[in-house]
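Chemist: Just dropping this structure here.
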Amino acid sequence: MFSFKFGLKNITRQKRRNVITIMVIAFAFFGYLFMDSVMGGMEEMSFSNIKNYDTGNIQVAYPEYWEDREKLPLENLIYLNQDIVDSIKNMDGILGVSPELRFKANLNNGIDETVVLGLGISPEQYNEVFATQNYIIEGSMFSPGESKAVIGVKLAELMDLKINDYITLLVRTKEDTFNTIDVEITGLLNTPNPMINNGVVFVPLDIAQQALNVDNGFSLLALKTASGDEDKIGKVLMDSFKDKDLELQAYSWRESAESIIALSTAKKGGIGTILSVVLLIGMIGIINNVILSALERTGEIGMMKALGMREWEIVFVFMVEATGIGILGGLAGCLIGFAGVGLMAKYGFGFNVMGIDISEYGIPILDKIYGTWNYPAFSFLFILSVTVALLSSIVPAYWAAHKDPVKAIYHR
Amino acid sequence: MSLLELKGVKKIYQQGKIEVPALRGVDLIVEQGEFSTIFGPSGSGETTLLNMIGCLDTPTEGEIRLNGNKVSDLSRKALAMTRRFNIGFVFQSYNLIPVLTAYENVEFAIRLIDHTSELKIKERVLQILEEVGLKGLENRRPNELSGGESQRVAIARALVKEPKLVLADEPTANLDSKNATDVVKIMVKMNKELGTTFIFSTHDPMVMEYAHRYINFKDGMISADERRG
């Protein structure tokens, strides 16, 4: 117990050096917690933006279509009567069902042309699944049967378009012949999902079906469920399709967001690297501290040996001191991290301030990124700091304790 | 049975390829309760001898017995335990621990051997501090004590565990004559009151006056061994 007290008292020595070590550990921890929070926020917002503006929680499609979905084929479309769609809608846990016809189109403004994703939607059903309508910043959503379109502001800027302008969508029909959809822009969107703002043209489903010559076919059904229920409801859906002899499959939003999931996995790797660097910084700080302390206290170590302290007892004194520094560094890191994450969670950070458009890197976030709270990261890091401090002090402490008593006493 | 017996103790240090003999064959017997001084020219080996006696170092050749037990070929751990229970040290530079108070510096030594009640330990530490004349200075840290006071703390630390033997390596070298006399008087008092055996090295003739036995050291050997009083 006395050795423990002695070890703790030693923390008050070499104050400047100990404070520097504590601050280094603290800022390394802060860096980790901050990055973890930003990455977590980015992931959460990306997923939310995908679910709320792009895929819904579940997508229902034929497996053959799903495999080729990136190519936006007009093969393997779904042809269901309204009763089946309604029966899906009436299933427990399903909050909305929206049929979508996805097609490749060239948008022409009379001067320039660009490739866009055409999206035939039924506005009323679409609004049950997606929050897109809330982000129409100018004009309004079209009604079924109207030759009108809604596009993102970024696309409008790019093509120099405004409300009431006419655009032509050059498409290929199911039979691979060219056709056009001439529509008037009725609304401009600015959703938090930049992918929607940059390259999607919404048109009424029936107009798209007619132009593409697909009868009442659509590419997929986007479903809204309570978050987290996707797997459970997906399974129920699959059973129901089986009962009805339908070969349809239900795909969770995760399956449509593979690239973002891959980014998320990469994020975990990145966080792991940051964590390794943080631990290395902590270890170097502690080892440096113990070695310097041992060198400065050579005579004292000699005296401890003269008093009859065994090596492990001297090691214990140094370990208590190092662990104390680790605890203080961990606590300070958690405190600074708490403040940083709190600010990040409340006020967020806009990469556009730095002139960076992160949507260019495939991250579907338009504006600010808000940090997320990862409380286990705080406790994990704190426990890790104590453990690392404890373990990294053993070898230098043993080196100190193993000194020859005569050489130590007389500083030889 | 003698407290301490040295037979043909030799110590040779290796400096590169050169062998430097520090002790060239020392035979010495010290009885319980003796108050002895070892003196001689600098580098004559008296500190090396004290280190051998204090189980801080082991001889290259020869035998050392403490309380009848052979200690010259013990392991590091066994030597540490021998020092812990049997030997107290006082060094020229006090070697107090700066973050601990005078009380705690003394307490440190007794905590290693005594696991009895807090109260008993406290009584013992306060008593020994009072005996060395440090009553009222218990809570001072070494940087708040004079050289003489610091050395008294070191003596209290050496004596608190009531060792059979206290070794002091030039305990007064850093002190002025008054403090040096005071420190030696305390050692004499403890020797008389507790019967503790003291062996100390010194170059100070005034301090030597207090010793009962004079061991003159020269070139790593005892050149004279004289008792007085």
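FYI, nothing fancy with the structure tokens labels: chains A, B, ... in order, residues from 1 per chain, ligands from 1 as they appear.
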Starting from chain B, keep only residues with some atom at most 6 Å from an atom of chain A, counting only C-alpha atoms, and report them as a list of chain:residue names.

Modeler: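 Listing them in order of chain and number gives B:Ala80, B:Met81, B:Arg83, B:Arg84.
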
Chemist: Write out as a ChimeraX atom specification all residues of range 137-227 of chain B that DSSP puts in alpha helix (DSSP H) for this structure's backbone.

Modeler: /B:147-159,177-194,205-208

Chemist: Nearest to Asn86 in chain B: which of B:Met208, B:Leu23, B:Ile110, B:Met221 is it, counting only C-alpha atoms?

Modeler: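 Checking each candidate against Asn86 in chain B, we get B:Ile110 as the closest.
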
Chemist: Determine which residues of range 19-190 of chain B receive a DSSP assignment of strand (DSSP E), computed from the backbone, and state them as a PyMOL selection string.

Modeler: chain B and resi 19-30+35-39+61-66+69-70+87-91+165-169

Chemist: Nearest to Asn127 in chain A among A:Tyr65, A:Tyr53, A:Tyr166, A:Trp253, with distances taken over only C-alpha atoms: which residue is it?

Modeler: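 The answer is A:Tyr53, which sits nearest to Asn127 in chain A.
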
Chemist: So which one's closest to Lys89 in chain A, A:Ile233, A:Leu390, A:Val341, A:Ile314? Using only C-alpha atoms, please.

Modeler: A:Ile233

Chemist: Residues within 10 Å of Ser42 in chain B, please, as a PyMOL selection string. Count only C-alpha atoms; anything in the same chain fewer than 6 positions from it doesn't count.

Modeler: chain B and resi 202-203+217-219

Chemist: Selection from above, N, CA and C atoms, as an mmCIF file, in the first residue's frame, can you write it?

Modeler:
```cif
data_model
loop_
_atom_site.group_PDB
_atom_site.id
_atom_site.type_symbol
_atom_site.label_atom_id
_atom_site.label_comp_id
_atom_site.auth_asym_id
_atom_site.auth_seq_id
_atom_site.Cartn_x
_atom_site.Cartn_y
_atom_site.Cartn_z
ATOM 1 N N THR B 202 34.806 7.337 7.657
ATOM 2 C CA THR B 202 34.942 8.798 7.733
ATOM 3 C C THR B 202 36.393 9.214 7.506
ATOM 4 N N HIS B 203 36.537 10.480 7.134
ATOM 5 C CA HIS B 203 37.883 11.054 7.055
ATOM 6 C C HIS B 203 38.040 12.147 8.100
ATOM 7 N N PHE B 217 42.357 1.377 7.076
ATOM 8 C CA PHE B 217 42.347 0.666 5.810
ATOM 9 C C PHE B 217 43.382 1.265 4.873
ATOM 10 N N LYS B 218 44.114 0.413 4.207
ATOM 11 C CA LYS B 218 45.115 0.912 3.272
ATOM 12 C C LYS B 218 45.295 -0.107 2.156
ATOM 13 N N ASP B 219 45.212 0.365 0.940
ATOM 14 C CA ASP B 219 45.409 -0.480 -0.247
ATOM 15 C C ASP B 219 44.559 -1.753 -0.210
#
```

Chemist: For Asn198 in chain A, please output as a list of chain:residue names all residues within 7 Å (counting only C-alpha atoms; exclusion window: fewer than 5 positions along the same chain).

Modeler: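 My reading of the contact set: A:Gly152, A:Lys154, A:Leu155.
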
Chemist: Please produce a file of those selected residues containing N, CA and C atoms, as a PDB file, in the first residue's frame.

Modeler:
```
ATOM      1  N   GLY A 152     -32.735  17.972 -59.653  1.00  0.00           N
ATOM      2  CA  GLY A 152     -31.940  18.557 -58.573  1.00  0.00           C
ATOM      3  C   GLY A 152     -31.360  19.906 -58.975  1.00  0.00           C
ATOM      4  N   LYS A 154     -28.436  21.074 -58.527  1.00  0.00           N
ATOM      5  CA  LYS A 154     -27.081  20.988 -59.096  1.00  0.00           C
ATOM      6  C   LYS A 154     -27.150  20.672 -60.588  1.00  0.00           C
ATOM      7  N   LEU A 155     -28.069  19.758 -60.908  1.00  0.00           N
ATOM      8  CA  LEU A 155     -28.250  19.404 -62.310  1.00  0.00           C
ATOM      9  C   LEU A 155     -28.798  20.611 -63.081  1.00  0.00           C
TER      10      LEU A 155
END
```

Chemist: Quick one: residues within 6 Å of Glu170 in chain B, only C-alpha atoms counted, chain neighbours fewer than 2 positions away excluded, as a PyMOL selection string?

Modeler: chain B and resi 92+172-173+201-202
